[in-house]
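To be precise, the following lines are coords-v3.txt, and they hold compact mmCIF, C-alpha atoms and all ligand atoms.
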```
# COMPACT_ATOMS: atom_id res chain seq x y z
CA MET A 1 -2.17 11.25 14.70
CA THR A 2 -3.43 7.87 15.78
CA GLN A 3 -2.74 8.85 19.35
CA GLY A 4 -5.56 10.99 20.61
CA THR A 5 -7.93 10.36 17.66
CA SER A 6 -11.06 10.97 19.69
CA LEU A 7 -13.99 8.95 18.46
CA ALA A 8 -16.31 10.02 21.27
CA GLY A 9 -19.87 10.27 19.99
CA LYS A 10 -19.12 8.10 16.97
CA THR A 11 -20.39 4.56 16.44
CA ALA A 12 -18.32 1.81 14.85
CA LEU A 13 -19.89 -1.40 13.59
CA ILE A 14 -17.40 -4.18 13.06
CA THR A 15 -18.56 -7.39 11.42
CA GLY A 16 -17.00 -10.65 12.60
CA SER A 17 -15.66 -9.12 15.78
CA THR A 18 -16.09 -11.86 18.36
CA SER A 19 -12.51 -12.96 17.75
CA GLY A 20 -9.26 -12.24 15.95
CA ILE A 21 -8.75 -9.05 13.99
CA GLY A 22 -12.35 -7.88 14.45
CA LEU A 23 -12.11 -7.93 18.22
CA ALA A 24 -8.85 -5.97 18.02
CA TYR A 25 -10.61 -3.28 15.94
CA ALA A 26 -13.39 -3.11 18.53
CA LYS A 27 -10.95 -2.74 21.43
CA THR A 28 -8.90 -0.10 19.62
CA LEU A 29 -11.89 2.03 18.57
CA ALA A 30 -13.61 1.65 21.95
CA GLY A 31 -10.32 2.80 23.43
CA GLU A 32 -10.82 6.12 21.63
CA GLY A 33 -14.35 6.49 22.98
CA ALA A 34 -16.42 5.07 20.11
CA ASN A 35 -19.60 3.14 20.72
CA VAL A 36 -19.10 -0.26 19.12
CA VAL A 37 -21.43 -2.82 17.61
CA ILE A 38 -19.82 -6.22 17.60
CA ASN A 39 -20.98 -9.20 15.56
CA GLY A 40 -20.04 -12.81 15.02
CA PHE A 41 -20.47 -16.26 16.46
CA GLY A 42 -19.13 -17.94 19.57
CA ASP A 43 -19.83 -18.91 23.13
CA LYS A 44 -22.58 -16.71 24.58
CA ASP A 45 -20.90 -16.09 27.92
CA ALA A 46 -17.51 -15.38 26.35
CA ILE A 47 -19.10 -12.84 23.99
CA GLU A 48 -20.94 -11.13 26.84
CA LYS A 49 -17.64 -10.91 28.71
CA GLU A 50 -15.98 -9.27 25.71
CA ARG A 51 -18.94 -6.88 25.25
CA ALA A 52 -18.85 -5.79 28.88
CA GLY A 53 -15.06 -5.45 28.65
CA LEU A 54 -15.44 -3.10 25.68
CA GLU A 55 -17.78 -0.87 27.67
CA ALA A 56 -15.32 -0.84 30.55
CA ILE A 57 -12.53 0.50 28.30
CA SER A 58 -13.94 4.01 27.88
CA GLY A 59 -17.49 4.05 29.20
CA ALA A 60 -18.92 4.18 25.67
CA LYS A 61 -21.60 1.64 24.76
CA ALA A 62 -21.03 -1.79 23.23
CA LEU A 63 -23.85 -3.71 21.57
CA TYR A 64 -23.67 -7.33 20.43
CA SER A 65 -25.62 -8.22 17.29
CA GLY A 66 -25.09 -11.88 16.53
CA HIS A 67 -26.68 -12.15 13.09
CA ASP A 68 -25.49 -14.47 10.34
CA LEU A 69 -24.14 -12.15 7.65
CA THR A 70 -24.53 -14.68 4.86
CA LYS A 71 -28.25 -13.81 4.97
CA VAL A 72 -29.46 -10.46 3.63
CA ASP A 73 -32.42 -10.21 6.03
CA GLN A 74 -30.09 -10.77 8.97
CA ILE A 75 -27.70 -8.07 7.75
CA GLU A 76 -30.68 -5.73 7.53
CA ALA A 77 -31.69 -6.69 11.09
CA MET A 78 -28.16 -5.97 12.39
CA MET A 79 -28.03 -2.55 10.71
CA ALA A 80 -31.52 -1.74 12.07
CA GLU A 81 -30.40 -2.68 15.60
CA ALA A 82 -27.38 -0.38 15.28
CA ALA A 83 -29.55 2.47 14.02
CA ALA A 84 -32.09 1.97 16.81
CA ALA A 85 -29.35 2.03 19.46
CA PHE A 86 -27.12 4.80 18.09
CA GLY A 87 -28.93 6.58 15.24
CA GLY A 88 -26.61 5.10 12.63
CA VAL A 89 -23.11 3.83 11.89
CA ASP A 90 -20.28 6.34 11.41
CA ILE A 91 -17.50 3.79 11.00
CA LEU A 92 -18.26 0.55 9.19
CA ILE A 93 -15.62 -2.17 9.25
CA ASN A 94 -16.40 -5.13 7.04
CA ASN A 95 -14.26 -7.81 8.56
CA ALA A 96 -16.26 -11.06 8.81
CA GLY A 97 -14.66 -13.71 6.70
CA VAL A 98 -14.07 -17.42 6.38
CA GLN A 99 -11.67 -19.52 4.37
CA HIS A 100 -11.74 -22.92 2.70
CA VAL A 101 -8.74 -24.64 1.14
CA ALA A 102 -9.30 -27.06 -1.77
CA ALA A 103 -8.46 -27.48 -5.45
CA VAL A 104 -10.93 -25.81 -7.82
CA GLU A 105 -12.29 -29.10 -9.20
CA GLU A 106 -12.90 -30.37 -5.66
CA PHE A 107 -14.08 -27.09 -4.15
CA PRO A 108 -17.43 -27.73 -2.39
CA ILE A 109 -20.13 -25.58 -3.99
CA ASP A 110 -21.63 -24.68 -0.61
CA LYS A 111 -18.22 -23.42 0.58
CA TRP A 112 -17.82 -21.30 -2.55
CA ASP A 113 -21.27 -19.77 -2.01
CA LEU A 114 -20.59 -19.19 1.71
CA ILE A 115 -17.27 -17.41 1.11
CA ILE A 116 -18.68 -15.16 -1.62
CA ALA A 117 -21.74 -14.36 0.52
CA LEU A 118 -19.80 -13.55 3.68
CA ASN A 119 -16.46 -12.18 2.47
CA LEU A 120 -17.87 -10.13 -0.42
CA ASN A 121 -21.65 -9.76 -0.59
CA SER A 122 -22.09 -8.82 3.07
CA ALA A 123 -19.85 -5.78 2.54
CA PHE A 124 -22.15 -4.57 -0.25
CA HIS A 125 -25.22 -4.96 1.96
CA THR A 126 -23.77 -3.30 5.07
CA SER A 127 -22.38 -0.46 2.94
CA ARG A 128 -25.62 0.24 1.07
CA LEU A 129 -27.43 0.38 4.42
CA ALA A 130 -24.82 2.54 6.17
CA ILE A 131 -24.23 5.11 3.43
CA PRO A 132 -27.41 7.25 3.74
CA TYR A 133 -26.61 8.07 7.40
CA MET A 134 -22.94 8.77 6.62
CA LYS A 135 -23.96 11.10 3.78
CA SER A 136 -26.41 12.91 6.06
CA LYS A 137 -23.58 13.47 8.57
CA LYS A 138 -21.10 14.42 5.83
CA TRP A 139 -18.64 12.10 7.55
CA GLY A 140 -18.02 8.39 7.43
CA ARG A 141 -15.41 5.69 7.21
CA ILE A 142 -15.80 2.38 5.44
CA ILE A 143 -12.90 0.05 6.06
CA GLN A 144 -12.61 -3.45 4.64
CA THR A 145 -10.39 -6.13 6.00
CA ALA A 146 -9.28 -7.36 2.59
CA SER A 147 -6.10 -9.42 2.40
CA ALA A 148 -2.84 -9.85 0.53
CA HIS A 149 -5.16 -12.14 -1.43
CA SER A 150 -6.96 -9.04 -2.73
CA LEU A 151 -3.75 -8.28 -4.63
CA THR A 152 -2.27 -11.66 -5.42
CA ALA A 153 -3.38 -15.31 -5.52
CA SER A 154 -2.41 -18.57 -3.89
CA PRO A 155 -3.40 -22.04 -5.09
CA PHE A 156 -6.34 -23.82 -3.41
CA LYS A 157 -7.99 -20.59 -2.21
CA SER A 158 -10.07 -19.76 -5.27
CA ALA A 159 -13.22 -18.52 -3.51
CA TYR A 160 -11.30 -16.43 -0.99
CA VAL A 161 -9.04 -14.85 -3.63
CA THR A 162 -12.08 -14.11 -5.79
CA ALA A 163 -14.01 -12.54 -2.90
CA LYS A 164 -11.07 -10.42 -1.72
CA HIS A 165 -10.22 -9.16 -5.23
CA GLY A 166 -13.92 -8.28 -5.58
CA LEU A 167 -13.88 -6.45 -2.26
CA ALA A 168 -10.92 -4.34 -3.41
CA GLY A 169 -12.76 -3.36 -6.59
CA PHE A 170 -15.97 -2.61 -4.70
CA THR A 171 -14.02 -0.36 -2.33
CA LYS A 172 -12.57 1.71 -5.19
CA THR A 173 -16.10 2.25 -6.50
CA LEU A 174 -17.33 3.24 -3.03
CA ALA A 175 -14.47 5.74 -2.76
CA LEU A 176 -15.42 7.41 -6.03
CA GLU A 177 -19.14 7.55 -5.26
CA LEU A 178 -18.56 8.96 -1.75
CA ALA A 179 -15.62 11.27 -2.47
CA THR A 180 -17.56 14.52 -2.09
CA PHE A 181 -19.50 13.46 1.01
CA GLY A 182 -16.71 13.30 3.59
CA VAL A 183 -16.86 9.53 3.48
CA THR A 184 -13.75 7.50 2.73
CA ALA A 185 -13.54 3.83 1.77
CA ASN A 186 -10.34 1.84 2.02
CA CYS A 187 -9.02 -1.70 2.26
CA ILE A 188 -6.52 -2.91 4.78
CA SER A 189 -4.74 -5.94 3.38
CA PRO A 190 -2.94 -8.08 5.93
CA GLY A 191 -0.61 -10.92 5.20
CA TYR A 192 -0.78 -13.77 7.68
CA VAL A 193 -2.11 -12.67 11.04
CA TRP A 194 -2.08 -15.28 13.79
CA THR A 195 -5.83 -15.73 14.50
CA PRO A 196 -8.27 -18.66 14.76
CA LEU A 197 -8.93 -18.33 10.99
CA VAL A 198 -5.29 -19.09 10.17
CA GLU A 199 -5.02 -21.86 12.73
CA ALA A 200 -8.17 -23.52 11.33
CA GLN A 201 -6.81 -23.79 7.80
CA ILE A 202 -3.67 -25.67 8.80
CA PRO A 203 -5.25 -29.18 8.74
CA ASP A 204 -6.77 -28.69 5.26
CA THR A 205 -3.52 -27.27 3.93
CA MET A 206 -1.65 -30.26 5.39
CA LYS A 207 -4.06 -32.50 3.48
CA ALA A 208 -4.08 -30.49 0.23
CA ARG A 209 -0.28 -30.27 0.09
CA GLY A 210 0.69 -33.49 1.89
CA MET A 211 2.68 -31.57 4.51
CA THR A 212 3.29 -31.67 8.26
CA ARG A 213 2.00 -28.87 10.51
CA GLU A 214 5.52 -27.43 10.81
CA GLN A 215 6.00 -27.49 7.04
CA VAL A 216 2.69 -25.64 6.55
CA MET A 217 3.73 -22.98 9.10
CA ASN A 218 7.21 -22.37 7.67
CA ASP A 219 6.97 -23.37 3.99
CA VAL A 220 3.44 -22.11 3.23
CA LEU A 221 2.22 -19.49 5.69
CA LEU A 222 5.44 -17.62 6.35
CA ALA A 223 7.17 -18.63 3.10
CA GLY A 224 5.92 -15.57 1.26
CA GLN A 225 6.19 -13.15 4.17
CA PRO A 226 9.75 -11.75 3.99
CA THR A 227 9.77 -10.56 7.62
CA LYS A 228 9.10 -14.20 8.67
CA GLN A 229 6.73 -12.87 11.30
CA PHE A 230 2.98 -13.10 11.65
CA VAL A 231 1.27 -9.69 11.56
CA THR A 232 -0.57 -8.89 14.81
CA SER A 233 -4.26 -8.02 15.05
CA GLU A 234 -3.28 -4.87 16.96
CA GLN A 235 -1.12 -3.69 14.06
CA VAL A 236 -4.08 -4.05 11.71
CA ALA A 237 -6.38 -2.23 14.13
CA ALA A 238 -3.90 0.65 14.46
CA ILE A 239 -4.21 1.28 10.71
CA ALA A 240 -8.00 1.40 11.00
CA LEU A 241 -7.70 3.95 13.77
CA PHE A 242 -5.39 6.06 11.63
CA LEU A 243 -7.93 5.88 8.78
CA CYS A 244 -10.58 7.26 11.16
CA GLY A 245 -8.54 10.38 11.89
CA ASP A 246 -8.52 13.73 10.13
CA ALA A 247 -5.02 13.09 8.80
CA ALA A 248 -6.52 10.34 6.63
CA SER A 249 -9.42 12.35 5.17
CA ASN A 250 -7.75 12.30 1.74
CA ILE A 251 -6.92 8.61 1.81
CA THR A 252 -9.73 6.94 -0.10
CA GLY A 253 -9.85 4.07 -2.54
CA ALA A 254 -6.54 2.84 -1.18
CA ASN A 255 -5.50 -0.71 -0.45
CA ILE A 256 -3.05 -0.59 2.44
CA SER A 257 -0.81 -3.62 2.78
CA VAL A 258 0.35 -4.81 6.17
CA ASP A 259 1.93 -8.02 5.00
CA GLY A 260 5.59 -8.09 6.01
CA GLY A 261 6.57 -7.38 2.39
CA TRP A 262 4.60 -10.26 0.83
CA THR A 263 3.11 -8.28 -2.06
CA ALA A 264 6.33 -6.32 -2.67
CA GLN A 265 7.80 -9.43 -4.28
P1 LIG A 301 -11.51 -15.18 12.87
O1 LIG A 301 -11.97 -16.54 12.46
O2 LIG A 301 -10.75 -15.00 14.13
O3 LIG A 301 -12.75 -14.19 12.91
C1 LIG A 301 -13.79 -14.27 11.98
C2 LIG A 301 -15.00 -13.60 12.57
O4 LIG A 301 -16.09 -13.72 11.65
C3 LIG A 301 -15.48 -14.26 13.89
O5 LIG A 301 -15.95 -13.27 14.76
C4 LIG A 301 -16.62 -15.14 13.41
O6 LIG A 301 -17.57 -15.46 14.42
C5 LIG A 301 -17.22 -14.25 12.35
N1 LIG A 301 -18.09 -14.95 11.42
C6 LIG A 301 -17.88 -16.13 10.78
N2 LIG A 301 -18.95 -16.45 10.04
C7 LIG A 301 -19.85 -15.44 10.20
C8 LIG A 301 -21.14 -15.19 9.69
N3 LIG A 301 -21.75 -16.04 8.85
N4 LIG A 301 -21.79 -14.07 10.08
C9 LIG A 301 -21.20 -13.20 10.94
N5 LIG A 301 -19.97 -13.37 11.44
C10 LIG A 301 -19.31 -14.50 11.07
O7 LIG A 301 -10.69 -14.63 11.63
P2 LIG A 301 -9.67 -13.42 11.42
O8 LIG A 301 -8.38 -14.02 11.03
O9 LIG A 301 -9.71 -12.46 12.54
O10 LIG A 301 -10.28 -12.80 10.09
C11 LIG A 301 -10.96 -11.58 10.04
C12 LIG A 301 -10.85 -11.03 8.63
O11 LIG A 301 -9.48 -10.81 8.32
C13 LIG A 301 -11.41 -11.96 7.55
O12 LIG A 301 -12.12 -11.21 6.58
C14 LIG A 301 -10.15 -12.52 6.93
O13 LIG A 301 -10.35 -12.90 5.59
C15 LIG A 301 -9.21 -11.37 7.04
N6 LIG A 301 -7.80 -11.70 6.97
C16 LIG A 301 -7.25 -12.52 7.89
C17 LIG A 301 -5.90 -12.82 7.78
C18 LIG A 301 -5.22 -13.72 8.76
O14 LIG A 301 -4.08 -14.12 8.49
N7 LIG A 301 -5.84 -14.06 9.88
C19 LIG A 301 -5.14 -12.29 6.74
C20 LIG A 301 -5.74 -11.45 5.83
C21 LIG A 301 -7.08 -11.16 5.95
```
Before we go any further, please render this structure as structure tokens.
Ligand code: NAD
Amino acid sequence: MTQGTSLAGKTALITGSTSGIGLAYAKTLAGEGANVVINGFGDKDAIEKERAGLEAISGAKALYSGHDLTKVDQIEAMMAEAAAAFGGVDILINNAGVQHVAAVEEFPIDKWDLIIALNLNSAFHTSRLAIPYMKSKKWGRIIQTASAHSLTASPFKSAYVTAKHGLAGFTKTLALELATFGVTANCISPGYVWTPLVEAQIPDTMKARGMTREQVMNDVLLAGQPTKQFVTSEQVAAIALFLCGDAASNITGANISVDGGWTAQ
């Protein structure tokens, strides 16, 4: 089913898609002919290169909207830019996310607020703004990059675990509200995927746990992942593509794990 899922004429907006998993979603959906709106931070020239590369994949359009999604007015500006360019968003992937690793009593308040704003609240705002168009089309897909941490916890990641559990609950509510409108809402919950986000948390985890880099890799990151392999961004994106197809029209409110068996334990 995933092969040949034509998304020509559809528009996918993927938050946090200048790197990692988000960029893989953009490449995969552009590969099926979707227009894509990419978002996130990074080097201007590198982002323009990625944007142009997305257009080259299928000839569909790619728009970069670099707004900061911790701010409601900037989320509104991004959604307005997408609507002005393409009429609306058919496929919304809430993927932008950051992490911070610290004990609860030492957790910086600004980091807590940032993680809740970006990893959880932004999905509410993009969804509320995307839904009227999806309802009018009687078709839509809302996909959240949640996490194994939407289903289980780890120490020192209180804000992230809280945001991801919240995102999973929000998605179930979306699924129920949208069930009769041809709009599905699902979470994809990866275990550890090798991306800049994972690499960036190694130093803090070394500090928090008093470990070497190698110990963090083997005894923390891959300790709970029975396959002992990092998930790839492409594997996550392939699930999103499947969710966009007709075969998945009755999958809604689900939380799909791609975690090498982590949450089976
Ligand atoms: P990443 O750091 O490679 O990408 C994060 C993206 O979010 C980047 O494009 C970045 O520019 C963007 N971003 C950061 N702050 C932003 C802001 N304020 N406004 C808009 N965009 C912003 O990380 P990734 O690993 O690809 O993570 C993507 C998603 O996958 C996150 O929600 C993360 O929680 C989730 N996830 C990752 C893993 C993993 O192991 N990498 C596992 C489970 C879930």
> Counting only C-alpha atoms, which of A:Leu120, A:Ile38, A:Ile47, A:Leu63 gets nearest to Ala159 (chain A)?
Replying inline: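 Of all the options, A:Leu120 lies closest to Ala159 (chain A).
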>> Please find the residues contacting ligand LIG 301 (chain A) at a distance of at most 7 Å between atoms, with all atoms listed in the file counted, and report them as an NGL selection string.
In response: :A and (15-22 or 39-42 or 66-70 or 95-99 or 118-119 or 145-148 or 189-198)
> Looking at all atoms listed in the file, which of A:Ala85, A:Ala153, A:Ala46, A:Ala103 is the one that sits closest to Gly224 (chain A)?
Replying inline: A:Ala153
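The neighbours of Ala83 (chain A) here are the residues that come within 10 Å of it, using all atoms listed in the file and leaving out any residue fewer than 6 positions away in the same chain; they are Thr11, Ala77, Val89, Ala130 and Tyr133 of chain A.
Between Val72 (chain A) and the residues A:Asn35, A:Ser122, A:Asn94, A:Gln229, the shortest atom-to-atom distance, using all atoms listed in the file, involves A:Ser122.
Distances here use all atoms listed in the file; by that measure, the residue among A:Met217, A:Ala200, A:Ala8, A:Val183 closest to His100 (chain A) is A:Ala200.
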With N, CA, C and O atoms as the goal, would you fill in the gaps in region 226-237 of chain A and present it as a PDB file, in the coordinates of the input?
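The resulting result-v1.pdb:
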```pdb
ATOM      1  N   PRO A 226       8.310 -11.938   3.829  1.00  0.00           N
ATOM      2  CA  PRO A 226       9.750 -11.750   3.990  1.00  0.00           C
ATOM      3  C   PRO A 226      10.197 -11.464   5.428  1.00  0.00           C
ATOM      4  O   PRO A 226      11.310 -11.841   5.795  1.00  0.00           O
ATOM      5  N   THR A 227       9.362 -10.832   6.234  1.00  0.00           N
ATOM      6  CA  THR A 227       9.770 -10.560   7.620  1.00  0.00           C
ATOM      7  C   THR A 227       9.821 -11.834   8.463  1.00  0.00           C
ATOM      8  O   THR A 227      10.378 -11.830   9.555  1.00  0.00           O
ATOM      9  N   LYS A 228       9.182 -12.914   7.944  1.00  0.00           N
ATOM     10  CA  LYS A 228       9.100 -14.200   8.670  1.00  0.00           C
ATOM     11  C   LYS A 228       8.420 -14.039  10.030  1.00  0.00           C
ATOM     12  O   LYS A 228       8.747 -14.715  10.992  1.00  0.00           O
ATOM     13  N   GLN A 229       7.509 -13.087  10.075  1.00  0.00           N
ATOM     14  CA  GLN A 229       6.730 -12.870  11.300  1.00  0.00           C
ATOM     15  C   GLN A 229       5.258 -12.812  10.931  1.00  0.00           C
ATOM     16  O   GLN A 229       4.908 -12.267   9.882  1.00  0.00           O
ATOM     17  N   PHE A 230       4.412 -13.336  11.815  1.00  0.00           N
ATOM     18  CA  PHE A 230       2.980 -13.100  11.650  1.00  0.00           C
ATOM     19  C   PHE A 230       2.698 -11.634  11.987  1.00  0.00           C
ATOM     20  O   PHE A 230       3.302 -11.073  12.913  1.00  0.00           O
ATOM     21  N   VAL A 231       1.771 -11.020  11.224  1.00  0.00           N
ATOM     22  CA  VAL A 231       1.270  -9.690  11.560  1.00  0.00           C
ATOM     23  C   VAL A 231       0.413  -9.839  12.817  1.00  0.00           C
ATOM     24  O   VAL A 231      -0.164 -10.896  13.050  1.00  0.00           O
ATOM     25  N   THR A 232       0.310  -8.797  13.648  1.00  0.00           N
ATOM     26  CA  THR A 232      -0.570  -8.890  14.810  1.00  0.00           C
ATOM     27  C   THR A 232      -1.897  -8.182  14.516  1.00  0.00           C
ATOM     28  O   THR A 232      -1.949  -7.231  13.715  1.00  0.00           O
ATOM     29  N   SER A 233      -2.935  -8.652  15.195  1.00  0.00           N
ATOM     30  CA  SER A 233      -4.260  -8.020  15.050  1.00  0.00           C
ATOM     31  C   SER A 233      -4.201  -6.555  15.462  1.00  0.00           C
ATOM     32  O   SER A 233      -4.871  -5.695  14.881  1.00  0.00           O
ATOM     33  N   GLU A 234      -3.379  -6.255  16.457  1.00  0.00           N
ATOM     34  CA  GLU A 234      -3.280  -4.870  16.960  1.00  0.00           C
ATOM     35  C   GLU A 234      -2.658  -3.966  15.904  1.00  0.00           C
ATOM     36  O   GLU A 234      -3.019  -2.789  15.802  1.00  0.00           O
ATOM     37  N   GLN A 235      -1.716  -4.508  15.117  1.00  0.00           N
ATOM     38  CA  GLN A 235      -1.120  -3.690  14.060  1.00  0.00           C
ATOM     39  C   GLN A 235      -2.157  -3.345  12.985  1.00  0.00           C
ATOM     40  O   GLN A 235      -2.175  -2.236  12.460  1.00  0.00           O
ATOM     41  N   VAL A 236      -3.016  -4.306  12.688  1.00  0.00           N
ATOM     42  CA  VAL A 236      -4.080  -4.050  11.710  1.00  0.00           C
ATOM     43  C   VAL A 236      -5.051  -3.006  12.265  1.00  0.00           C
ATOM     44  O   VAL A 236      -5.446  -2.056  11.571  1.00  0.00           O
ATOM     45  N   ALA A 237      -5.421  -3.157  13.526  1.00  0.00           N
ATOM     46  CA  ALA A 237      -6.380  -2.230  14.130  1.00  0.00           C
ATOM     47  C   ALA A 237      -5.815  -0.805  14.201  1.00  0.00           C
ATOM     48  O   ALA A 237      -6.562   0.179  14.069  1.00  0.00           O
TER      49      ALA A 237
END
```
